[in-house]
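Coordinates from structure_19.tsv are shown below (TSV, C-alpha atoms and all ligand atoms).
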```
chain	number	residue	atom	x	y	z
A	1	MET	CA	-53.87	46.35	63.22
A	2	SER	CA	-51.88	48.12	60.52
A	3	ALA	CA	-48.87	47.21	58.40
A	4	SER	CA	-46.95	50.23	59.75
A	5	SER	CA	-47.10	48.86	63.30
A	6	SER	CA	-46.22	45.32	62.27
A	7	PRO	CA	-44.18	43.34	64.77
A	8	PRO	CA	-41.33	41.18	63.50
A	9	PRO	CA	-42.33	37.87	61.94
A	10	LEU	CA	-42.98	35.29	64.59
A	11	GLY	CA	-43.20	32.23	62.42
A	12	ILE	CA	-42.94	28.58	63.24
A	13	ALA	CA	-39.30	29.05	64.23
A	14	HIS	CA	-40.59	30.45	67.52
A	15	GLY	CA	-42.65	27.35	67.98
A	16	PRO	CA	-46.21	26.58	66.98
A	17	ALA	CA	-47.35	27.17	70.55
A	18	ALA	CA	-46.17	30.78	70.45
A	19	LEU	CA	-47.76	31.29	67.08
A	20	LEU	CA	-51.04	29.75	68.18
A	21	ALA	CA	-51.08	31.81	71.36
A	22	ASP	CA	-50.54	34.91	69.28
A	23	ALA	CA	-53.33	33.85	66.92
A	24	ALA	CA	-55.82	33.16	69.69
A	25	SER	CA	-57.05	36.75	69.63
A	26	LEU	CA	-58.12	36.31	66.02
A	27	GLU	CA	-61.18	34.25	66.87
A	28	ALA	CA	-63.28	37.43	66.99
A	29	ALA	CA	-61.32	39.37	64.37
A	30	SER	CA	-62.60	40.40	60.95
A	31	ALA	CA	-61.40	38.59	57.84
A	32	GLU	CA	-59.34	41.68	56.95
A	33	GLU	CA	-57.66	41.72	60.38
A	34	ILE	CA	-56.89	38.03	60.11
A	35	LEU	CA	-55.23	38.48	56.74
A	36	VAL	CA	-53.17	41.42	58.04
A	37	TRP	CA	-52.01	39.14	60.86
A	38	VAL	CA	-51.10	36.45	58.31
A	39	GLU	CA	-49.10	38.96	56.30
A	40	GLN	CA	-47.23	40.19	59.36
A	41	ARG	CA	-46.63	36.87	61.05
A	42	LEU	CA	-46.34	34.35	58.22
A	43	GLY	CA	-46.08	36.17	54.91
A	44	ALA	CA	-45.11	33.88	52.03
A	45	ARG	CA	-44.76	30.95	54.43
A	46	ALA	CA	-48.54	30.66	54.36
A	47	ALA	CA	-50.91	29.97	51.48
A	48	ILE	CA	-54.56	30.01	50.55
A	49	ALA	CA	-55.80	26.54	49.60
A	50	SER	CA	-58.13	27.37	46.75
A	51	SER	CA	-60.62	25.28	44.82
A	52	PHE	CA	-61.81	28.57	43.31
A	53	GLY	CA	-65.24	28.40	44.85
A	54	VAL	CA	-66.87	31.70	45.72
A	55	GLU	CA	-65.40	31.81	49.25
A	56	ASP	CA	-61.90	31.27	47.89
A	57	MET	CA	-62.44	34.15	45.47
A	58	VAL	CA	-63.30	36.43	48.40
A	59	LEU	CA	-60.11	35.31	50.14
A	60	ILE	CA	-57.94	35.85	47.07
A	61	ASP	CA	-59.37	39.34	46.58
A	62	LEU	CA	-58.95	40.24	50.26
A	63	ALA	CA	-55.43	38.84	50.28
A	64	ARG	CA	-54.36	41.04	47.39
A	65	LYS	CA	-55.36	44.02	49.54
A	66	HIS	CA	-54.23	42.91	52.99
A	67	ALA	CA	-51.79	40.02	52.61
A	68	PRO	CA	-50.00	40.35	49.26
A	69	SER	CA	-47.24	37.92	50.26
A	70	LEU	CA	-49.71	35.10	50.77
A	71	ARG	CA	-49.35	32.34	48.17
A	72	VAL	CA	-52.25	30.61	46.41
A	73	PHE	CA	-52.27	26.91	45.62
A	74	THR	CA	-54.80	24.53	44.15
A	75	LEU	CA	-55.20	20.79	43.86
A	76	ASP	CA	-55.73	19.86	40.22
A	77	THR	CA	-57.36	16.46	40.60
A	78	GLY	CA	-57.49	15.93	36.85
A	79	ARG	CA	-61.31	15.79	37.08
A	80	LEU	CA	-62.16	19.48	37.55
A	81	PRO	CA	-64.89	21.06	35.42
A	82	PRO	CA	-63.68	23.27	32.52
A	83	GLU	CA	-65.30	26.29	34.20
A	84	THR	CA	-62.84	25.99	37.09
A	85	TYR	CA	-59.80	25.96	34.80
A	86	GLU	CA	-61.22	28.99	32.97
A	87	LEU	CA	-61.58	30.83	36.26
A	88	ILE	CA	-58.02	30.01	37.30
A	89	GLU	CA	-56.82	31.71	34.11
A	90	VAL	CA	-58.98	34.74	34.89
A	91	VAL	CA	-57.44	34.90	38.38
A	92	ARG	CA	-53.90	34.67	37.04
A	93	ASN	CA	-54.54	37.52	34.62
A	94	ARG	CA	-56.61	39.77	36.84
A	95	TYR	CA	-54.45	39.55	39.95
A	96	GLY	CA	-51.11	38.82	38.29
A	97	ILE	CA	-50.35	36.01	40.71
A	98	PRO	CA	-49.10	32.48	40.18
A	99	VAL	CA	-51.41	29.67	41.18
A	100	GLU	CA	-49.25	26.85	42.53
A	101	THR	CA	-50.72	23.62	41.20
A	102	TYR	CA	-50.44	20.21	42.83
A	103	PHE	CA	-51.34	17.21	40.72
A	104	PRO	CA	-51.85	13.64	42.00
A	105	GLU	CA	-48.99	11.17	41.74
A	106	ARG	CA	-49.16	9.93	38.17
A	107	GLY	CA	-48.46	6.29	39.00
A	108	ARG	CA	-51.25	6.12	41.56
A	109	VAL	CA	-53.80	7.59	39.15
A	110	GLU	CA	-52.67	5.24	36.40
A	111	ALA	CA	-52.97	2.24	38.72
A	112	LEU	CA	-56.39	3.32	39.98
A	113	GLU	CA	-57.85	3.93	36.54
A	114	SER	CA	-56.25	0.83	35.00
A	115	ALA	CA	-57.61	-1.46	37.70
A	116	GLN	CA	-60.94	0.16	38.49
A	117	GLY	CA	-61.91	2.40	35.59
A	118	TYR	CA	-62.81	6.05	35.56
A	119	PHE	CA	-65.78	6.03	37.91
A	120	SER	CA	-64.70	3.75	40.75
A	121	PHE	CA	-65.85	6.36	43.27
A	122	ARG	CA	-69.47	5.52	42.49
A	123	ARG	CA	-69.16	1.95	43.76
A	124	SER	CA	-68.80	2.50	47.52
A	125	LEU	CA	-67.81	5.00	50.16
A	126	GLU	CA	-64.46	3.27	50.48
A	127	ALA	CA	-63.83	3.50	46.74
A	128	ARG	CA	-64.76	7.18	46.77
A	129	LYS	CA	-62.42	7.87	49.66
A	130	GLU	CA	-59.65	6.01	47.86
A	131	CYS	CA	-60.05	8.30	44.84
A	132	CYS	CA	-60.13	11.41	47.06
A	133	ALA	CA	-57.06	10.17	48.93
A	134	ILE	CA	-55.11	9.82	45.69
A	135	ARG	CA	-56.34	12.95	43.93
A	136	LYS	CA	-56.74	15.33	46.90
A	137	VAL	CA	-55.42	14.23	50.27
A	138	GLU	CA	-51.93	13.21	49.19
A	139	PRO	CA	-51.42	16.32	46.99
A	140	LEU	CA	-52.59	18.51	49.89
A	141	ARG	CA	-49.95	16.94	52.12
A	142	ARG	CA	-47.29	17.90	49.57
A	143	ALA	CA	-48.80	21.36	49.12
A	144	LEU	CA	-48.57	22.06	52.85
A	145	HIS	CA	-45.13	20.59	53.37
A	146	GLY	CA	-42.70	23.27	54.49
A	147	ARG	CA	-45.35	25.92	55.06
A	148	ASP	CA	-46.13	27.48	58.44
A	149	GLY	CA	-49.81	28.09	57.85
A	150	TRP	CA	-52.73	27.77	55.47
A	151	VAL	CA	-55.90	29.72	54.92
A	152	THR	CA	-59.21	28.25	53.81
A	153	GLY	CA	-62.66	29.49	52.85
A	154	LEU	CA	-64.54	27.13	55.20
A	155	ARG	CA	-67.79	28.52	56.60
A	156	ARG	CA	-69.87	27.09	59.43
A	157	GLU	CA	-73.10	27.49	57.47
A	158	GLN	CA	-71.97	25.30	54.58
A	159	SER	CA	-73.06	21.95	56.00
A	160	ILE	CA	-73.78	19.93	59.11
A	161	ASN	CA	-70.14	18.84	59.09
A	162	ARG	CA	-68.81	22.39	59.34
A	163	THR	CA	-70.87	23.92	62.15
A	164	ASP	CA	-67.91	23.78	64.57
A	165	VAL	CA	-65.28	25.31	62.28
A	166	ALA	CA	-63.02	27.60	64.33
A	167	VAL	CA	-61.27	30.67	62.95
A	168	VAL	CA	-57.93	29.44	64.30
A	169	GLU	CA	-56.96	25.77	64.29
A	170	HIS	CA	-53.82	23.83	65.14
A	171	ASP	CA	-53.48	21.46	62.19
A	172	ARG	CA	-51.78	18.46	63.74
A	173	GLU	CA	-52.54	16.25	60.73
A	174	HIS	CA	-50.17	18.31	58.61
A	175	GLY	CA	-47.27	18.70	61.00
A	176	GLY	CA	-48.71	21.19	63.46
A	177	LEU	CA	-49.00	24.22	61.24
A	178	ILE	CA	-51.63	26.88	61.81
A	179	LYS	CA	-54.87	26.77	59.85
A	180	LEU	CA	-56.98	29.91	59.56
A	181	ASN	CA	-60.58	30.11	58.39
A	182	PRO	CA	-61.26	33.86	58.17
A	183	LEU	CA	-64.76	33.39	56.71
A	184	ALA	CA	-65.88	30.83	59.31
A	185	GLY	CA	-68.67	33.09	60.58
A	186	TRP	CA	-69.70	34.54	57.23
A	187	SER	CA	-73.13	33.88	55.75
A	188	ARG	CA	-73.66	33.02	52.11
A	189	GLN	CA	-75.25	36.44	51.67
A	190	GLN	CA	-72.13	38.16	53.04
A	191	VAL	CA	-69.97	36.24	50.59
A	192	TRP	CA	-72.06	37.25	47.59
A	193	THR	CA	-72.36	40.84	48.75
A	194	TYR	CA	-68.55	41.03	48.86
A	195	ILE	CA	-68.27	39.45	45.39
A	196	GLN	CA	-70.75	41.89	43.88
A	197	THR	CA	-69.52	45.01	45.69
A	198	ASN	CA	-65.93	44.35	44.66
A	199	SER	CA	-66.64	42.94	41.18
A	200	VAL	CA	-64.76	39.76	41.99
A	201	PRO	CA	-64.77	37.09	39.26
A	202	TYR	CA	-66.39	33.76	40.13
A	203	ASN	CA	-67.05	30.33	38.73
A	204	THR	CA	-69.95	30.50	36.27
A	205	LEU	CA	-71.28	27.21	37.66
A	206	HIS	CA	-72.48	29.18	40.69
A	207	ASP	CA	-75.03	30.84	38.38
A	208	ARG	CA	-76.30	27.40	37.40
A	209	GLY	CA	-77.18	26.20	40.90
A	210	TYR	CA	-73.82	24.92	42.11
A	211	PRO	CA	-73.10	26.50	45.53
A	212	SER	CA	-70.12	24.17	46.08
A	213	ILE	CA	-67.84	23.05	43.25
A	214	GLY	CA	-65.38	20.19	43.25
A	215	CYS	CA	-64.58	17.47	40.73
A	216	ALA	CA	-66.99	17.43	37.78
A	217	PRO	CA	-68.31	13.86	38.18
A	218	CYS	CA	-68.90	14.31	41.93
A	219	THR	CA	-70.67	17.68	41.86
A	220	ARG	CA	-74.14	18.66	40.75
A	221	ALA	CA	-76.56	21.57	41.13
A	222	VAL	CA	-78.74	21.71	44.27
A	223	LYS	CA	-82.33	22.68	44.94
A	224	PRO	CA	-82.96	25.99	46.76
A	225	TYR	CA	-83.97	24.20	49.97
A	226	GLU	CA	-80.93	21.88	50.06
A	227	ASP	CA	-77.76	22.60	52.03
A	228	GLU	CA	-74.81	24.11	50.20
A	229	ARG	CA	-72.88	20.87	49.95
A	230	ALA	CA	-75.82	18.68	49.01
A	231	GLY	CA	-74.51	18.54	45.44
A	232	ARG	CA	-71.23	16.92	46.50
A	233	TRP	CA	-71.28	13.08	46.44
A	234	TRP	CA	-75.07	13.32	46.50
A	235	TRP	CA	-75.43	9.53	46.36
A	236	GLU	CA	-73.89	9.23	49.86
A	237	SER	CA	-75.46	10.22	53.18
A	238	ARG	CA	-74.79	13.81	54.24
A	239	GLU	CA	-72.38	13.05	57.07
A	240	HIS	CA	-69.93	11.84	54.43
A	241	SER	CA	-69.90	15.09	52.43
A	242	GLU	CA	-66.19	15.76	52.97
A	243	CYS	CA	-63.23	14.52	50.95
A	244	GLY	CA	-60.64	14.21	53.71
A	245	LEU	CA	-59.03	17.63	53.25
A	246	HIS	CA	-60.84	18.98	56.30
A	247	PRO	CA	-61.43	16.50	59.12
A	248	VAL	CA	-65.05	16.03	60.19
A	249	ARG	CA	-65.51	16.77	63.86
A	301	LIG	S1	-64.29	14.32	44.29
A	301	LIG	FE1	-64.72	12.45	43.06
A	301	LIG	S2	-63.32	12.47	41.28
A	301	LIG	FE2	-62.62	14.00	42.80
A	301	LIG	S3	-61.09	12.96	43.97
A	301	LIG	FE3	-62.99	12.70	45.13
A	301	LIG	S4	-63.96	10.81	44.35
A	301	LIG	FE4	-62.30	11.36	42.94
```
If you took the structure in this file and wrote it as structure tokens, what would it be?
Amino acid sequence: MSASSSPPPLGIAHGPAALLADAASLEAASAEEILVWVEQRLGARAAIASSFGVEDMVLIDLARKHAPSLRVFTLDTGRLPPETYELIEVVRNRYGIPVETYFPERGRVEALESAQGYFSFRRSLEARKECCAIRKVEPLRRALHGRDGWVTGLRREQSINRTDVAVVEHDREHGGLIKLNPLAGWSRQQVWTYIQTNSVPYNTLHDRGYPSIGCAPCTRAVKPYEDERAGRWWWESREHSECGLHPVR
């Protein structure tokens, strides 16, 4: 697939079914081919959802080469580690792109913290999900509103909850837009080889044993034998190691 042979934008205006049918062939495509398809079919109507983990950095770098119209957004939960904010600044400067930032609704955060303190998520699974719903799930809904597609760095190898991740998904939870996971079949080694070969910047926490990075109080380093998301909400059982942004199958 090349930009010179690009067909006219299909877009959601032709119906999600047409778009999904067109995307079906991408299941076996390379990440580069998928991003070329996104550029041709969706352009700026799609965005990378980035938490600035190492997979997202691969996607941002690939997108600058193959899908320059693709937007980048992030969910600033208010609890991110300083290393993540530092990396976002590096990305802005290196790639010269805006990073669209979605913050939680102020009133809901104020109510949560006033009533339950700053660490309510430690008390129970329900309390943790409430915090994630306020700081992540609701902002994601706003971030996706009006878009035709989104691109994520999900990989099947990351955890037991992600083994079924498809390259192409119909995201009914967010209005039926298309969700693409170009790195679904990538190994951790492939990700790091790309980072090193292309001198892509990355979060310095990765060098300190954090394979997956989210909010500071809910993320810790993992042991070499643990799965990549074992440092997320480590006090809960592993089947709960998602925040609601990506449904568990
Ligand atoms: S990861 Fe932790 S701090 Fe962040 S939104 Fe979820 S519960 Fe709240």
**Item:** Within 10 Å of ligand LIG 301 (chain A) (all atoms listed in the file), residues as a ChimeraX atom specification
**Value:** /A:75-80,104,118-122,125-137,213-219,232-233,241-244
**Item:** Residue neighbourhood His246 (chain A), 10 Å, all atoms listed in the file, exclusion window fewer than 6 positions, as a PyMOL selection string
**Value:** chain A and resi 137+152+154+161-162+165+171+173
**Asked** Pick the closest to Leu205 (chain A) from A:Val222, A:Ala67, A:Val99, A:Ala23: which is it, counting only C-alpha atoms?
**Response**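 Looking at the shortest contact to Leu205 (chain A), the residue is A:Val222.
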**Straight-line distance linking CA of Tyr102 (chain A) with CA of Ser114 (chain A), stated in Å to one decimal** =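 About the pair CA of Tyr102 (chain A) and CA of Ser114 (chain A): they are 21.7 Å apart.
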**Message:** With distances taken over all atoms listed in the file, which residue among A:Glu157, A:Glu89, A:Glu100, A:Asp207 lies nearest Leu183 (chain A)?
**Reply:**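 Looking at the shortest contact to Leu183 (chain A), the residue is A:Glu157.
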**Request:** Work out how far apart CA of Pro98 (chain A) and CA of Thr74 (chain A) are and give it in Å to one decimal.
**Result:**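 Calculated distance between CA of Pro98 (chain A) and CA of Thr74 (chain A) is 10.6 Å.
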Draw an axis-aligned box tight on the listed atoms of region 171-174 of chain A, then pad every side by 3 Å and write out centre and edge lengths in Å to one decimal as JSON.
```
{"center_x": -51.8, "center_y": 18.9, "center_z": 61.2, "size_x": 9.3, "size_y": 11.2, "size_z": 11.1}
```
**Item:** Nearest residue to Ala143 (chain A) from the set A:Ile178, A:Ala31, A:Val90, A:Ala47 (distances using only C-alpha atoms)
**Value:** A:Ala47
**Message:** Nearest residue to His66 (chain A) out of A:Asn198, A:Gln189, A:Gln40, A:Thr204, using all atoms listed in the file?
**Reply:**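 Looking only at the distances to His66 (chain A), the closest residue turns out to be A:Gln40.
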**A:Val91, A:Leu70, A:Leu140, A:Arg188 ranked by distance to Phe103 (chain A), top pick (using all atoms listed in the file)** =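 With all atoms listed in the file as the atom set, the closest residue is A:Leu140.
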**Å distance separating CA of Trp150 (chain A) from CA of Gly209 (chain A), one decimal place** =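 It comes out at 28.5 Å.
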**Minimum-distance residue to Val109 (chain A), chosen among A:Pro82, A:His174, A:Glu138, A:Leu245 (using only C-alpha atoms)** =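 Smallest distance to Val109 (chain A) is found for A:Glu138.
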**Request:** Write out as number ranges by chain each polymer residue whose atoms come within 12 Å of Tyr95 (chain A), counting only C-alpha atoms; drop sequence neighbours fewer than 2 positions from it.
**Result:** A: 57, 60-65, 68, 72, 87-93, 97-99, 200-201
**Request:** Please check which residues have atoms at most 9 Å from (-49.5, 34.4, 57.0) in the file's coordinates, counting only C-alpha atoms, and write them as number ranges by chain.
**Result:** A: 11, 34-47, 67, 69-70, 148-151
Can you spit out region 157-209 of chain A with C-alpha atoms, as a compact mmCIF listing (two decimals), in the first residue's frame, from the structure just given?
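Once everything was written out, this is decode.txt:
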```
# COMPACT_ATOMS: atom_id res chain seq x y z
CA GLU A 157 1.71 -10.79 25.29
CA GLN A 158 1.19 -8.08 27.90
CA SER A 159 -1.09 -10.03 30.23
CA ILE A 160 -3.61 -12.83 30.56
CA ASN A 161 -6.34 -10.27 29.89
CA ARG A 162 -4.94 -9.30 26.49
CA THR A 163 -4.28 -12.64 24.80
CA ASP A 164 -7.30 -12.22 22.49
CA VAL A 165 -6.60 -8.66 21.34
CA ALA A 166 -7.47 -8.34 17.64
CA VAL A 167 -5.76 -5.96 15.23
CA VAL A 168 -9.13 -4.59 14.12
CA GLU A 169 -12.01 -4.09 16.53
CA HIS A 170 -15.46 -2.54 16.29
CA ASP A 171 -15.62 -0.37 19.41
CA ARG A 172 -19.31 -0.40 20.23
CA GLU A 173 -18.72 1.03 23.72
CA HIS A 174 -17.62 4.32 22.19
CA GLY A 175 -20.25 4.75 19.51
CA GLY A 176 -19.14 2.14 17.00
CA LEU A 177 -15.87 3.65 15.88
CA ILE A 178 -12.99 1.52 14.67
CA LYS A 179 -10.21 0.56 17.06
CA LEU A 180 -6.87 -0.57 15.68
CA ASN A 181 -4.11 -2.32 17.60
CA PRO A 182 -1.21 -2.45 15.13
CA LEU A 183 1.21 -3.97 17.66
CA ALA A 184 -1.16 -6.72 18.81
CA GLY A 185 1.19 -9.47 17.63
CA TRP A 186 4.46 -7.80 18.59
CA SER A 187 6.72 -9.26 21.25
CA ARG A 188 8.38 -7.14 23.91
CA GLN A 189 11.69 -7.79 22.16
CA GLN A 190 10.33 -6.42 18.87
CA VAL A 191 9.17 -3.27 20.64
CA TRP A 192 12.56 -2.62 22.21
CA THR A 193 14.43 -3.44 19.01
CA TYR A 194 12.36 -0.78 17.23
CA ILE A 195 13.01 1.74 20.02
CA GLN A 196 16.75 1.16 19.92
CA THR A 197 17.11 0.95 16.14
CA ASN A 198 15.22 4.20 15.64
CA SER A 199 16.54 6.03 18.72
CA VAL A 200 13.02 6.64 19.98
CA PRO A 201 12.75 8.38 23.36
CA TYR A 202 11.07 6.44 26.16
CA ASN A 203 9.98 6.75 29.75
CA THR A 204 13.00 6.40 32.04
CA LEU A 205 10.91 4.30 34.43
CA HIS A 206 11.25 1.44 31.94
CA ASP A 207 14.96 1.32 32.86
CA ARG A 208 13.99 0.91 36.51
CA GLY A 209 11.87 -2.23 36.08
```
